[in-house]
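Read through the structure below, which is laid out as structure tokens, and then see the notes.
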Amino acid sequence: MKSNIGKRLFQYALTSKAGFIAALIALTIGVAAELAGPFIAKTMIDDHMLAIEKPFYETTSVDGTVGYAGTHFKREDRFEAGEPKGREARILQVDKSFVFIDGTVQVADGNRSFANGTLTVTRGSDTFRYDAKALTADELYSFYKPEMPGIFQLIGWYCFFLVISIFAEFGKTYWLQSSANKVIQKLRLDLYAHIQRLPVYFFDNLPAGKVVSRVTNDTEAVKDLFVAVLSNFTSGIVTMAGVYVALFLLDFRLGLISLFIVPLLILWIVLYRKVATRFNTIIRSRLSEINAIINESIQGMSIIRVFRHQKQTQHEFEELNDDYMKHQNKMLNLNAFTSHNLVNVLRNLAFAVVLWYFGAEALGTTGSAVSLGVLYAFVDVLGRLFQPMTGMVNQLAVLDASIVSSGRVFELMDETGELVTDGTMPRYKGLVEFDDVTFAYKKDAVLKHISFTAHPGQTVALVGHTGSGKSSIINLLFRFYDPQKGTITIDGTSVKDIPKQWLRHHMGIVLQDPYLFTGTVASNVSLGDSRITREQVNKALCDVGADKLLAHLPQGFDEPVIEKGSTLSAGQRQLISFARALAFDPAILILDEATANIDTETEALIQSALEVLKKGRTTFIIAHRLSTIRSADQILVLHRGEIVERGNHDELMAQGGRYFQMYQLQSGTAGTDTNPSSSASSEQEALLAEKTAVAAGAATSGKADTRAGTSSLQKPGTGQNGPGLAGGSA
């Protein structure tokens, strides 16, 4: 794990540290309760079940003794200090039966056999014989009877620790997962908030699908890190630590020998991640590309269908999907080859060491052998070591994928965002001045020495061929970008001295293809801003004439709107966008070819809405249809990033320059009259006649065009599909 990523994940974990600490405490309690089981079993075996072979002595006491053949016997470890002891007796197991020896047994360890009342013990070349009597089941039970209270007590303790481990496991899982969910919630909120602060130009080069993938898929992978990986690794580490403590308590030498597993496990994790990181980086990248192509295909589905591009699009998707699957299979092969196999190898090595150790003890080459209870407990505890190890190894793939995803999330969060300044500023008057502004997106300047002044209440139109710099002027005005040279001022204050959120708070925009959000007509006007009342929403819609065009909707202004407003016509969407701008009452209004997609039946209504919208504010209009800007106070004609002509409509027509030529081409009078004033007069008459006919047609039809989405066949990626926001924080 890269230290920087690990440190940042740890900082996020600290936001829910109480839950993680509680989970860790519950985990520790649970591990201790589970490991108590083998120790209880050891005590039961050594002190109660096999302890019957310890020497018994005759006693005159009655409590806690065994009655046999009219005599009371007590086990040697049950005598109080100084308590007198009688003659010795032994109970020894021979195969599945037990025998009673009334006397001292010098050697009890070895190969035992019983026949004809004689117990024979053979050890090496030595043979020992003792007079013995086989015990019946009832007689044997009488020797075990004093041990039963201790056995029942140990069983009770075992059940108690079992209940503790169950509750501890529940607490660990609940606190760990709830804390992880809180961490991921904060991470997603921070990531989404940061995306809102990223400059607009950042999204020019990063497909929306890739951004979505980082907010959803990558953060979900980080969630797996906190839920699955953290759970298994924390449980594994605590459990393994507890196991080793137990192993050392049982037998120091065996615990020391078993430590060889730890460095092997650490080495394997390091080697595994070196290989897996390479695969996971490609897998996450391909997943982002798949999301991007799906998003692009859905957005441009009409274009794909119209131009019969389905096969090519499907081929691109299949290539990405095949590459994604290929690397997923590589990860599966790596995991299948390693996880379970590795644990089996380590388990077999560990038990081989245990067998070697006890085999050596049996041959007498090392110190004294351990008891059967210790052996049982040791094997039980050692077996518990591999369960958490399996969980840790099986989560290596998730761990690596989570780290890769975390890196992608933090990479996006490290992108420089715009500073967010709380508060707002008073509504400015709208005096806009560009002073010798030069701007380039990369190297080549797209605006050169632009200078003009827009006075409050004026309408400034920007005209020119595609690529002439019209949209770039608007981008600079919104401070989506800043110019390399020159200054832009509003009411005499440089825009660089005004926080971007404050600046945009009093700006509004209406786009060529307005963007509507999922909700209702009314919510798309107010955008959920508490400052915009329902009365203001209704008034804005009525003022732009939307009440006439939306009158047929069953629920009126509360009619549901799906994403992008595809169930509404272009004219309806545009009027809603106008109402949105009017409701926010911006000091500066930008109309980006706002009437380009409007049908002739609706154009008269839209032109009326435009006049309402422009009142009392500085308006910038980007126009290709020159007939819509005849009333503009100032028209700036741009060509290759420079203002080549300026003036009002009549002045530019009188000059007979580039604007005059563009106007003639659009009006269809090019080449028919070389007199500018004559052409202008003729065009005015033609335009007046056209508007009269349109208005009459609209009046007689009595209904609005409800055709859905007349702009749905526009080519995506033209830069005209933004949200069309007005006011508020950017």
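Letters A, B, ... go to the chains of the structure tokens in the order shown; residues in each chain start at 1; ligands are counted from 1 in the same order.
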(request) Name the residues of segment 414-594 of chain A that fall into strand (DSSP E) according to DSSP on the backbone, using the chain letters and numbers of this document, as an NGL selection string. (result) :A and (432-440 or 445-454 or 459-463 or 485-490 or 493-494 or 507-510 or 519-520 or 560-561 or 588-592)
Convert the current residue selection to file output with N, CA and C atoms, as a compact mmCIF listing (two decimals), in the first residue's frame.
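Generated file (selection.txt):
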```
# COMPACT_ATOMS: atom_id res chain seq x y z
N VAL A 432 -20.13 45.83 -18.10
CA VAL A 432 -19.10 44.85 -18.45
C VAL A 432 -18.12 45.49 -19.42
N GLU A 433 -16.83 45.33 -19.12
CA GLU A 433 -15.80 45.90 -20.00
C GLU A 433 -14.68 44.89 -20.23
N PHE A 434 -14.41 44.61 -21.50
CA PHE A 434 -13.25 43.82 -21.91
C PHE A 434 -12.19 44.79 -22.39
N ASP A 435 -11.00 44.71 -21.81
CA ASP A 435 -9.93 45.64 -22.16
C ASP A 435 -8.72 44.87 -22.68
N ASP A 436 -8.56 44.84 -24.01
CA ASP A 436 -7.40 44.22 -24.67
C ASP A 436 -7.19 42.78 -24.18
N VAL A 437 -8.25 41.99 -24.27
CA VAL A 437 -8.21 40.61 -23.76
C VAL A 437 -7.70 39.66 -24.83
N THR A 438 -6.70 38.87 -24.45
CA THR A 438 -6.17 37.81 -25.32
C THR A 438 -6.23 36.51 -24.55
N PHE A 439 -6.71 35.46 -25.22
CA PHE A 439 -6.91 34.19 -24.51
C PHE A 439 -6.64 33.01 -25.45
N ALA A 440 -6.04 31.96 -24.87
CA ALA A 440 -5.78 30.71 -25.60
C ALA A 440 -6.11 29.55 -24.69
N ALA A 445 -3.92 31.37 -29.80
CA ALA A 445 -4.90 32.30 -29.24
C ALA A 445 -6.21 32.18 -29.99
N VAL A 446 -7.31 32.07 -29.23
CA VAL A 446 -8.64 32.03 -29.84
C VAL A 446 -9.32 33.39 -29.72
N LEU A 447 -8.81 34.27 -28.86
CA LEU A 447 -9.27 35.65 -28.77
C LEU A 447 -8.04 36.56 -28.79
N LYS A 448 -8.11 37.61 -29.59
CA LYS A 448 -6.95 38.49 -29.75
C LYS A 448 -7.38 39.94 -29.57
N HIS A 449 -6.84 40.56 -28.53
CA HIS A 449 -7.02 42.00 -28.30
C HIS A 449 -8.50 42.40 -28.35
N ILE A 450 -9.33 41.70 -27.60
CA ILE A 450 -10.77 41.98 -27.57
C ILE A 450 -11.03 43.13 -26.59
N SER A 451 -11.67 44.18 -27.09
CA SER A 451 -12.03 45.33 -26.26
C SER A 451 -13.44 45.78 -26.61
N PHE A 452 -14.30 45.89 -25.62
CA PHE A 452 -15.64 46.44 -25.82
C PHE A 452 -16.24 46.75 -24.45
N THR A 453 -17.30 47.54 -24.46
CA THR A 453 -18.00 47.90 -23.22
C THR A 453 -19.48 47.65 -23.41
N ALA A 454 -20.10 46.95 -22.43
CA ALA A 454 -21.54 46.71 -22.44
C ALA A 454 -22.12 47.45 -21.24
N THR A 459 -28.14 45.37 -24.78
CA THR A 459 -28.08 44.05 -25.38
C THR A 459 -26.92 44.03 -26.36
N VAL A 460 -25.96 43.12 -26.12
CA VAL A 460 -24.79 42.99 -26.97
C VAL A 460 -24.88 41.65 -27.68
N ALA A 461 -24.82 41.68 -28.99
CA ALA A 461 -24.89 40.45 -29.78
C ALA A 461 -23.51 40.09 -30.29
N LEU A 462 -23.18 38.81 -30.22
CA LEU A 462 -21.91 38.30 -30.73
C LEU A 462 -22.21 37.42 -31.92
N VAL A 463 -21.69 37.80 -33.07
CA VAL A 463 -21.95 37.03 -34.29
C VAL A 463 -20.62 36.68 -34.95
N LYS A 485 -3.95 37.64 -21.14
CA LYS A 485 -3.63 39.07 -21.18
C LYS A 485 -4.92 39.87 -21.13
N GLY A 486 -4.80 41.10 -20.66
CA GLY A 486 -5.95 41.99 -20.61
C GLY A 486 -6.76 41.80 -19.34
N THR A 487 -7.78 42.64 -19.18
CA THR A 487 -8.63 42.59 -17.99
C THR A 487 -10.09 42.60 -18.38
N ILE A 488 -10.89 41.99 -17.53
CA ILE A 488 -12.34 41.99 -17.67
C ILE A 488 -12.91 42.56 -16.37
N THR A 489 -13.71 43.59 -16.47
CA THR A 489 -14.27 44.22 -15.27
C THR A 489 -15.78 44.23 -15.32
N ILE A 490 -16.39 44.19 -14.14
CA ILE A 490 -17.84 44.36 -13.99
C ILE A 490 -18.05 45.47 -12.98
N THR A 493 -14.84 46.65 -11.37
CA THR A 493 -14.05 45.72 -10.56
C THR A 493 -13.61 44.54 -11.41
N SER A 494 -12.32 44.23 -11.34
CA SER A 494 -11.82 43.09 -12.11
C SER A 494 -12.50 41.81 -11.65
N MET A 507 -25.53 36.01 -12.50
CA MET A 507 -25.50 35.72 -13.93
C MET A 507 -26.48 34.61 -14.24
N GLY A 508 -27.02 34.67 -15.44
CA GLY A 508 -27.91 33.61 -15.90
C GLY A 508 -27.60 33.28 -17.33
N ILE A 509 -28.00 32.06 -17.74
CA ILE A 509 -27.72 31.64 -19.10
C ILE A 509 -28.88 30.81 -19.62
N VAL A 510 -29.17 31.00 -20.88
CA VAL A 510 -30.14 30.17 -21.60
C VAL A 510 -29.41 29.58 -22.79
N GLY A 519 -37.71 15.94 -12.25
CA GLY A 519 -38.50 16.65 -11.25
C GLY A 519 -39.81 17.10 -11.86
N THR A 520 -40.15 18.36 -11.67
CA THR A 520 -41.35 18.93 -12.26
C THR A 520 -40.97 20.19 -13.02
N PRO A 560 -44.63 16.13 -14.12
CA PRO A 560 -43.30 15.51 -13.97
C PRO A 560 -42.45 15.69 -15.22
N VAL A 561 -41.18 15.91 -15.01
CA VAL A 561 -40.21 16.05 -16.10
C VAL A 561 -39.13 14.99 -15.90
N ILE A 588 -26.67 39.98 -15.35
CA ILE A 588 -26.10 39.72 -16.68
C ILE A 588 -26.73 38.44 -17.20
N LEU A 589 -27.27 38.50 -18.39
CA LEU A 589 -27.94 37.35 -19.00
C LEU A 589 -27.24 36.98 -20.30
N ILE A 590 -26.99 35.69 -20.47
CA ILE A 590 -26.38 35.20 -21.70
C ILE A 590 -27.39 34.31 -22.41
N LEU A 591 -27.65 34.63 -23.66
CA LEU A 591 -28.53 33.82 -24.50
C LEU A 591 -27.67 33.18 -25.58
N ASP A 592 -27.44 31.88 -25.42
CA ASP A 592 -26.54 31.18 -26.34
C ASP A 592 -27.37 30.52 -27.44
```
Segment 585-672 of chain A near segment 533-547 of chain A within 7 Å: what's each residue's closest atom pair and its distance in Å to one decimal, counting only C-alpha atoms, ordered by chain then ascending residue number, as a Markdown table?
```
| residue | atom | partner | partner_atom | distance |
| --- | --- | --- | --- | --- |
| A:Leu605 | CA | A:Gly545 | CA | 6.8 |
| A:Ala609 | CA | A:Val544 | CA | 4.3 |
| A:Val612 | CA | A:Val544 | CA | 6.6 |
```
Would you save the residues from that selection as an mmCIF file, in the first residue's frame, using N, CA, C and O atoms?
```cif
data_model
loop_
_atom_site.group_PDB
_atom_site.id
_atom_site.type_symbol
_atom_site.label_atom_id
_atom_site.label_comp_id
_atom_site.auth_asym_id
_atom_site.auth_seq_id
_atom_site.Cartn_x
_atom_site.Cartn_y
_atom_site.Cartn_z
ATOM 1 N N LEU A 605 -43.798 33.545 -29.961
ATOM 2 C CA LEU A 605 -43.924 33.476 -28.513
ATOM 3 C C LEU A 605 -42.558 33.584 -27.847
ATOM 4 O O LEU A 605 -42.382 34.270 -26.833
ATOM 5 N N ALA A 609 -40.985 36.370 -25.234
ATOM 6 C CA ALA A 609 -40.349 35.985 -23.975
ATOM 7 C C ALA A 609 -38.955 36.590 -23.867
ATOM 8 O O ALA A 609 -38.527 37.009 -22.783
ATOM 9 N N VAL A 612 -39.183 40.173 -22.707
ATOM 10 C CA VAL A 612 -39.462 40.238 -21.268
ATOM 11 C C VAL A 612 -38.197 39.930 -20.484
ATOM 12 O O VAL A 612 -37.866 40.584 -19.488
#
```
Counting only C-alpha atoms, which residues of segment 412-475 of chain A fall within 9 Å of segment 194-208 of chain A, and what is the closest atom pair for each with its distance in Å at one decimal, ordered by chain and rising number, as a Markdown table?
```
| residue | atom | partner | partner_atom | distance |
| --- | --- | --- | --- | --- |
| A:Leu412 | CA | A:Ile195 | CA | 8.2 |
| A:Met413 | CA | A:His194 | CA | 6.4 |
| A:Glu415 | CA | A:Leu198 | CA | 7.4 |
| A:Thr416 | CA | A:Leu198 | CA | 6.8 |
| A:Gly417 | CA | A:Leu198 | CA | 4.3 |
| A:Glu418 | CA | A:Arg197 | CA | 5.1 |
| A:Leu419 | CA | A:Arg197 | CA | 7.3 |
| A:Val420 | CA | A:Arg197 | CA | 7.4 |
```
For segment 92-96 of chain A, find every residue with an atom within 8 Å (counting only C-alpha atoms), except residues of its own chain fewer than 5 positions away, and show them as a JSON list (two decimals) with all heavy atoms, in the first residue's frame.
```json
[["chain", "number", "residue", "atom", "x", "y", "z"],
["A", 52, "ILE", "N", -7.22, -39.78, 36.21],
["A", 52, "ILE", "CA", -7.60, -40.97, 36.97],
["A", 52, "ILE", "C", -6.43, -41.93, 37.15],
["A", 52, "ILE", "O", -6.41, -42.78, 38.05],
["A", 52, "ILE", "CB", -8.79, -41.69, 36.28],
["A", 52, "ILE", "CG1", -9.43, -42.68, 37.24],
["A", 52, "ILE", "CG2", -8.32, -42.38, 35.01],
["A", 52, "ILE", "CD1", -10.70, -43.31, 36.69],
["A", 53, "GLU", "N", -5.40, -41.80, 36.29],
["A", 53, "GLU", "CA", -4.23, -42.68, 36.40],
["A", 53, "GLU", "C", -3.22, -42.18, 37.44],
["A", 53, "GLU", "O", -2.19, -42.82, 37.66],
["A", 53, "GLU", "CB", -3.56, -42.82, 35.04],
["A", 53, "GLU", "CG", -4.40, -43.62, 34.04],
["A", 53, "GLU", "CD", -3.58, -44.10, 32.85],
["A", 53, "GLU", "OE1", -2.40, -43.70, 32.74],
["A", 53, "GLU", "OE2", -4.11, -44.89, 32.05],
["A", 101, "ILE", "N", -4.84, -51.63, 40.74],
["A", 101, "ILE", "CA", -3.64, -52.21, 41.33],
["A", 101, "ILE", "C", -3.58, -51.75, 42.78],
["A", 101, "ILE", "O", -3.47, -50.54, 43.05],
["A", 101, "ILE", "CB", -2.37, -51.79, 40.57],
["A", 101, "ILE", "CG1", -2.43, -52.25, 39.11],
["A", 101, "ILE", "CG2", -1.13, -52.35, 41.23],
["A", 101, "ILE", "CD1", -2.67, -51.14, 38.16],
["A", 108, "ALA", "N", 4.66, -46.86, 35.02],
["A", 108, "ALA", "CA", 3.33, -46.96, 34.41],
["A", 108, "ALA", "C", 3.37, -46.69, 32.90],
["A", 108, "ALA", "O", 2.45, -47.08, 32.17],
["A", 108, "ALA", "CB", 2.37, -46.00, 35.09],
["A", 112, "ARG", "N", 1.24, -51.73, 27.68],
["A", 112, "ARG", "CA", 0.51, -52.42, 28.74],
["A", 112, "ARG", "C", -0.30, -53.59, 28.18],
["A", 112, "ARG", "O", -0.84, -53.52, 27.08],
["A", 112, "ARG", "CB", -0.44, -51.45, 29.44],
["A", 112, "ARG", "CG", 0.23, -50.25, 30.08],
["A", 112, "ARG", "CD", -0.83, -49.27, 30.59],
["A", 112, "ARG", "NE", -0.23, -48.05, 31.13],
["A", 112, "ARG", "CZ", -0.94, -47.00, 31.53],
["A", 112, "ARG", "NH1", -2.26, -47.03, 31.43],
["A", 112, "ARG", "NH2", -0.33, -45.93, 32.02],
["A", 113, "SER", "N", -0.38, -54.64, 29.02],
["A", 113, "SER", "CA", -1.24, -55.78, 28.70],
["A", 113, "SER", "C", -1.74, -56.39, 30.01],
["A", 113, "SER", "O", -1.08, -56.30, 31.05],
["A", 113, "SER", "CB", -0.48, -56.84, 27.88],
["A", 113, "SER", "OG", 0.61, -57.36, 28.62],
["A", 114, "PHE", "N", -2.94, -57.00, 29.95],
["A", 114, "PHE", "CA", -3.54, -57.57, 31.16],
["A", 114, "PHE", "C", -4.08, -58.96, 30.83],
["A", 114, "PHE", "O", -4.83, -59.13, 29.86],
["A", 114, "PHE", "CB", -4.66, -56.66, 31.66],
["A", 114, "PHE", "CG", -5.41, -57.23, 32.83],
["A", 114, "PHE", "CD1", -4.84, -57.26, 34.10],
["A", 114, "PHE", "CD2", -6.69, -57.77, 32.68],
["A", 114, "PHE", "CE1", -5.53, -57.78, 35.18],
["A", 114, "PHE", "CE2", -7.37, -58.29, 33.76],
["A", 114, "PHE", "CZ", -6.80, -58.29, 35.02]]
```
(message) Residues within 12 Å of segment 240-252 of chain A, please, as an MDAnalysis selection string. Count only C-alpha atoms; anything in the same chain fewer than 2 positions from it doesn't count.
(response) chainID A and resid 27:39 42:43 232:238 254:262 265 354 357:358 368:392
(message) Excluding Arg78 of chain A and its own-chain neighbours fewer than 3 positions away, which residues fall within 9 Å of it when counting only C-alpha atoms? Please give them as an NGL selection string.
(response) :A and (64 or 74-75)
Atoms kept (all heavy atoms) for selection, written as a PDB file, in the first residue's frame:
```
ATOM      1  N   GLY A  64     -15.556 -36.369  49.051  1.00  0.00           N
ATOM      2  CA  GLY A  64     -14.725 -36.323  47.861  1.00  0.00           C
ATOM      3  C   GLY A  64     -13.858 -37.546  47.675  1.00  0.00           C
ATOM      4  O   GLY A  64     -12.858 -37.499  46.959  1.00  0.00           O
ATOM      5  N   LYS A  74      -8.526 -41.527  47.945  1.00  0.00           N
ATOM      6  CA  LYS A  74      -8.539 -40.137  47.443  1.00  0.00           C
ATOM      7  C   LYS A  74      -7.303 -39.935  46.562  1.00  0.00           C
ATOM      8  O   LYS A  74      -6.220 -40.434  46.889  1.00  0.00           O
ATOM      9  CB  LYS A  74      -8.522 -39.133  48.598  1.00  0.00           C
ATOM     10  CG  LYS A  74      -8.660 -37.680  48.150  1.00  0.00           C
ATOM     11  CD  LYS A  74      -8.455 -36.701  49.302  1.00  0.00           C
ATOM     12  CE  LYS A  74      -9.559 -36.787  50.328  1.00  0.00           C
ATOM     13  NZ  LYS A  74      -9.424 -35.708  51.347  1.00  0.00           N
ATOM     14  N   ARG A  75      -7.516 -39.183  45.440  1.00  0.00           N
ATOM     15  CA  ARG A  75      -6.394 -38.935  44.523  1.00  0.00           C
ATOM     16  C   ARG A  75      -5.363 -38.048  45.201  1.00  0.00           C
ATOM     17  O   ARG A  75      -5.720 -37.165  45.991  1.00  0.00           O
ATOM     18  CB  ARG A  75      -6.906 -38.281  43.236  1.00  0.00           C
ATOM     19  CG  ARG A  75      -6.129 -38.680  41.994  1.00  0.00           C
ATOM     20  CD  ARG A  75      -6.811 -38.183  40.745  1.00  0.00           C
ATOM     21  NE  ARG A  75      -6.727 -36.719  40.629  1.00  0.00           N
ATOM     22  CZ  ARG A  75      -7.460 -36.026  39.779  1.00  0.00           C
ATOM     23  NH1 ARG A  75      -8.337 -36.650  38.999  1.00  0.00           N
ATOM     24  NH2 ARG A  75      -7.333 -34.724  39.710  1.00  0.00           N
TER      25      ARG A  75
END
```
(request) Would you please work out which residue, of A:Gln185, A:Gln458, A:Gln574, A:Thr466, is nearest to Ala623 of chain A when using only C-alpha atoms? (result)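 Under the stated criterion, the closest residue is A:Thr466.
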(request) Might you pull out every residue within 12 Å of Glu651 of chain A, with only C-alpha atoms counted and same-chain residues fewer than 5 positions away left off, and present them as a list in words? (result)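 Non-adjacent residues within range: Arg630, Ser631, Ala632, Asp633, Gln634, Ile635, Leu636, Glu645, Arg646, Gly656, Gly657, Tyr659, Phe660, Pro676, Ser677 and Ala680 of chain A.
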Selection export as a short mmCIF file (atom, residue, chain, number, x, y, z; two decimals), in the first residue's frame, atoms kept: all heavy atoms:
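Resulting contents of part-v2.cif:
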```cif
data_model
loop_
_atom_site.label_atom_id
_atom_site.label_comp_id
_atom_site.auth_asym_id
_atom_site.auth_seq_id
_atom_site.Cartn_x
_atom_site.Cartn_y
_atom_site.Cartn_z
N ARG A 630 -31.71 42.11 -34.52
CA ARG A 630 -31.83 43.42 -35.17
C ARG A 630 -31.96 44.54 -34.16
O ARG A 630 -31.51 45.66 -34.41
CB ARG A 630 -33.05 43.42 -36.10
CG ARG A 630 -32.87 42.56 -37.34
CD ARG A 630 -34.20 42.43 -38.09
NE ARG A 630 -34.75 43.73 -38.40
CZ ARG A 630 -34.48 44.44 -39.51
NH1 ARG A 630 -33.64 43.94 -40.39
NH2 ARG A 630 -35.02 45.61 -39.71
N SER A 631 -32.57 44.24 -33.00
CA SER A 631 -32.80 45.31 -32.01
C SER A 631 -31.66 45.44 -31.01
O SER A 631 -31.77 46.22 -30.07
CB SER A 631 -34.11 45.04 -31.26
OG SER A 631 -34.02 43.80 -30.57
N ALA A 632 -30.58 44.69 -31.18
CA ALA A 632 -29.46 44.75 -30.24
C ALA A 632 -28.83 46.13 -30.24
O ALA A 632 -28.69 46.77 -31.29
CB ALA A 632 -28.42 43.69 -30.59
N ASP A 633 -28.43 46.60 -29.04
CA ASP A 633 -27.79 47.92 -28.95
C ASP A 633 -26.40 47.90 -29.57
O ASP A 633 -25.94 48.91 -30.10
CB ASP A 633 -27.67 48.33 -27.47
CG ASP A 633 -29.03 48.43 -26.81
OD1 ASP A 633 -29.81 49.32 -27.19
OD2 ASP A 633 -29.32 47.61 -25.92
N GLN A 634 -25.74 46.78 -29.48
CA GLN A 634 -24.39 46.68 -30.01
C GLN A 634 -24.17 45.28 -30.57
O GLN A 634 -24.48 44.29 -29.90
CB GLN A 634 -23.36 46.98 -28.90
CG GLN A 634 -21.93 47.02 -29.37
CD GLN A 634 -20.96 47.35 -28.24
OE1 GLN A 634 -19.77 47.46 -28.46
NE2 GLN A 634 -21.46 47.52 -27.03
N ILE A 635 -23.68 45.22 -31.78
CA ILE A 635 -23.39 43.94 -32.42
C ILE A 635 -21.88 43.88 -32.67
O ILE A 635 -21.31 44.79 -33.28
CB ILE A 635 -24.15 43.79 -33.76
CG1 ILE A 635 -25.66 43.85 -33.51
CG2 ILE A 635 -23.77 42.47 -34.44
CD1 ILE A 635 -26.49 43.87 -34.80
N LEU A 636 -21.26 42.81 -32.14
CA LEU A 636 -19.83 42.59 -32.33
C LEU A 636 -19.64 41.46 -33.32
O LEU A 636 -20.11 40.34 -33.10
CB LEU A 636 -19.14 42.25 -31.01
CG LEU A 636 -19.32 43.24 -29.86
CD1 LEU A 636 -18.62 42.74 -28.60
CD2 LEU A 636 -18.77 44.61 -30.25
N GLU A 645 -15.90 44.08 -36.78
CA GLU A 645 -16.91 45.12 -36.98
C GLU A 645 -17.71 45.26 -35.69
O GLU A 645 -17.86 44.30 -34.94
CB GLU A 645 -17.87 44.76 -38.13
CG GLU A 645 -17.22 44.70 -39.50
CD GLU A 645 -18.21 44.29 -40.58
OE1 GLU A 645 -19.43 44.26 -40.29
OE2 GLU A 645 -17.78 43.98 -41.70
N ARG A 646 -18.21 46.49 -35.46
CA ARG A 646 -19.08 46.72 -34.31
C ARG A 646 -20.04 47.85 -34.62
O ARG A 646 -19.74 48.75 -35.42
CB ARG A 646 -18.26 46.99 -33.06
CG ARG A 646 -17.52 48.31 -33.05
CD ARG A 646 -16.73 48.48 -31.74
NE ARG A 646 -15.55 47.61 -31.71
CZ ARG A 646 -14.98 47.20 -30.59
NH1 ARG A 646 -15.50 47.52 -29.42
NH2 ARG A 646 -13.90 46.45 -30.63
N GLY A 656 -21.75 47.75 -45.22
CA GLY A 656 -21.62 46.82 -46.34
C GLY A 656 -20.47 45.84 -46.18
O GLY A 656 -19.92 45.37 -47.18
N GLY A 657 -20.11 45.52 -44.92
CA GLY A 657 -18.98 44.62 -44.68
C GLY A 657 -19.40 43.18 -44.44
O GLY A 657 -20.36 42.67 -45.04
N TYR A 659 -20.79 41.70 -41.82
CA TYR A 659 -22.14 41.51 -41.29
C TYR A 659 -23.18 41.63 -42.40
O TYR A 659 -24.12 40.84 -42.48
CB TYR A 659 -22.41 42.54 -40.19
CG TYR A 659 -23.79 42.46 -39.58
CD1 TYR A 659 -24.06 41.56 -38.56
CD2 TYR A 659 -24.83 43.28 -40.03
CE1 TYR A 659 -25.33 41.47 -38.00
CE2 TYR A 659 -26.10 43.19 -39.49
CZ TYR A 659 -26.34 42.28 -38.46
OH TYR A 659 -27.60 42.20 -37.93
N PHE A 660 -23.00 42.62 -43.25
CA PHE A 660 -23.92 42.82 -44.38
C PHE A 660 -23.97 41.57 -45.26
O PHE A 660 -25.04 41.11 -45.66
CB PHE A 660 -23.46 44.04 -45.18
CG PHE A 660 -24.22 44.22 -46.47
CD1 PHE A 660 -25.52 44.68 -46.47
CD2 PHE A 660 -23.62 43.91 -47.70
CE1 PHE A 660 -26.21 44.85 -47.66
CE2 PHE A 660 -24.30 44.07 -48.87
CZ PHE A 660 -25.60 44.54 -48.86
N PRO A 676 -26.89 48.53 -49.65
CA PRO A 676 -27.15 48.05 -48.29
C PRO A 676 -28.42 48.58 -47.70
O PRO A 676 -29.18 47.85 -47.09
CB PRO A 676 -25.92 48.53 -47.51
CG PRO A 676 -24.86 48.74 -48.54
CD PRO A 676 -25.57 49.17 -49.78
N SER A 677 -28.67 49.86 -47.89
CA SER A 677 -29.86 50.43 -47.26
C SER A 677 -31.12 49.87 -47.89
O SER A 677 -32.11 49.63 -47.20
CB SER A 677 -29.83 51.96 -47.38
OG SER A 677 -29.79 52.34 -48.74
N ALA A 680 -31.58 46.40 -46.54
CA ALA A 680 -32.05 46.43 -45.16
C ALA A 680 -33.54 46.74 -45.11
O ALA A 680 -34.29 46.13 -44.36
CB ALA A 680 -31.26 47.46 -44.37
#
```
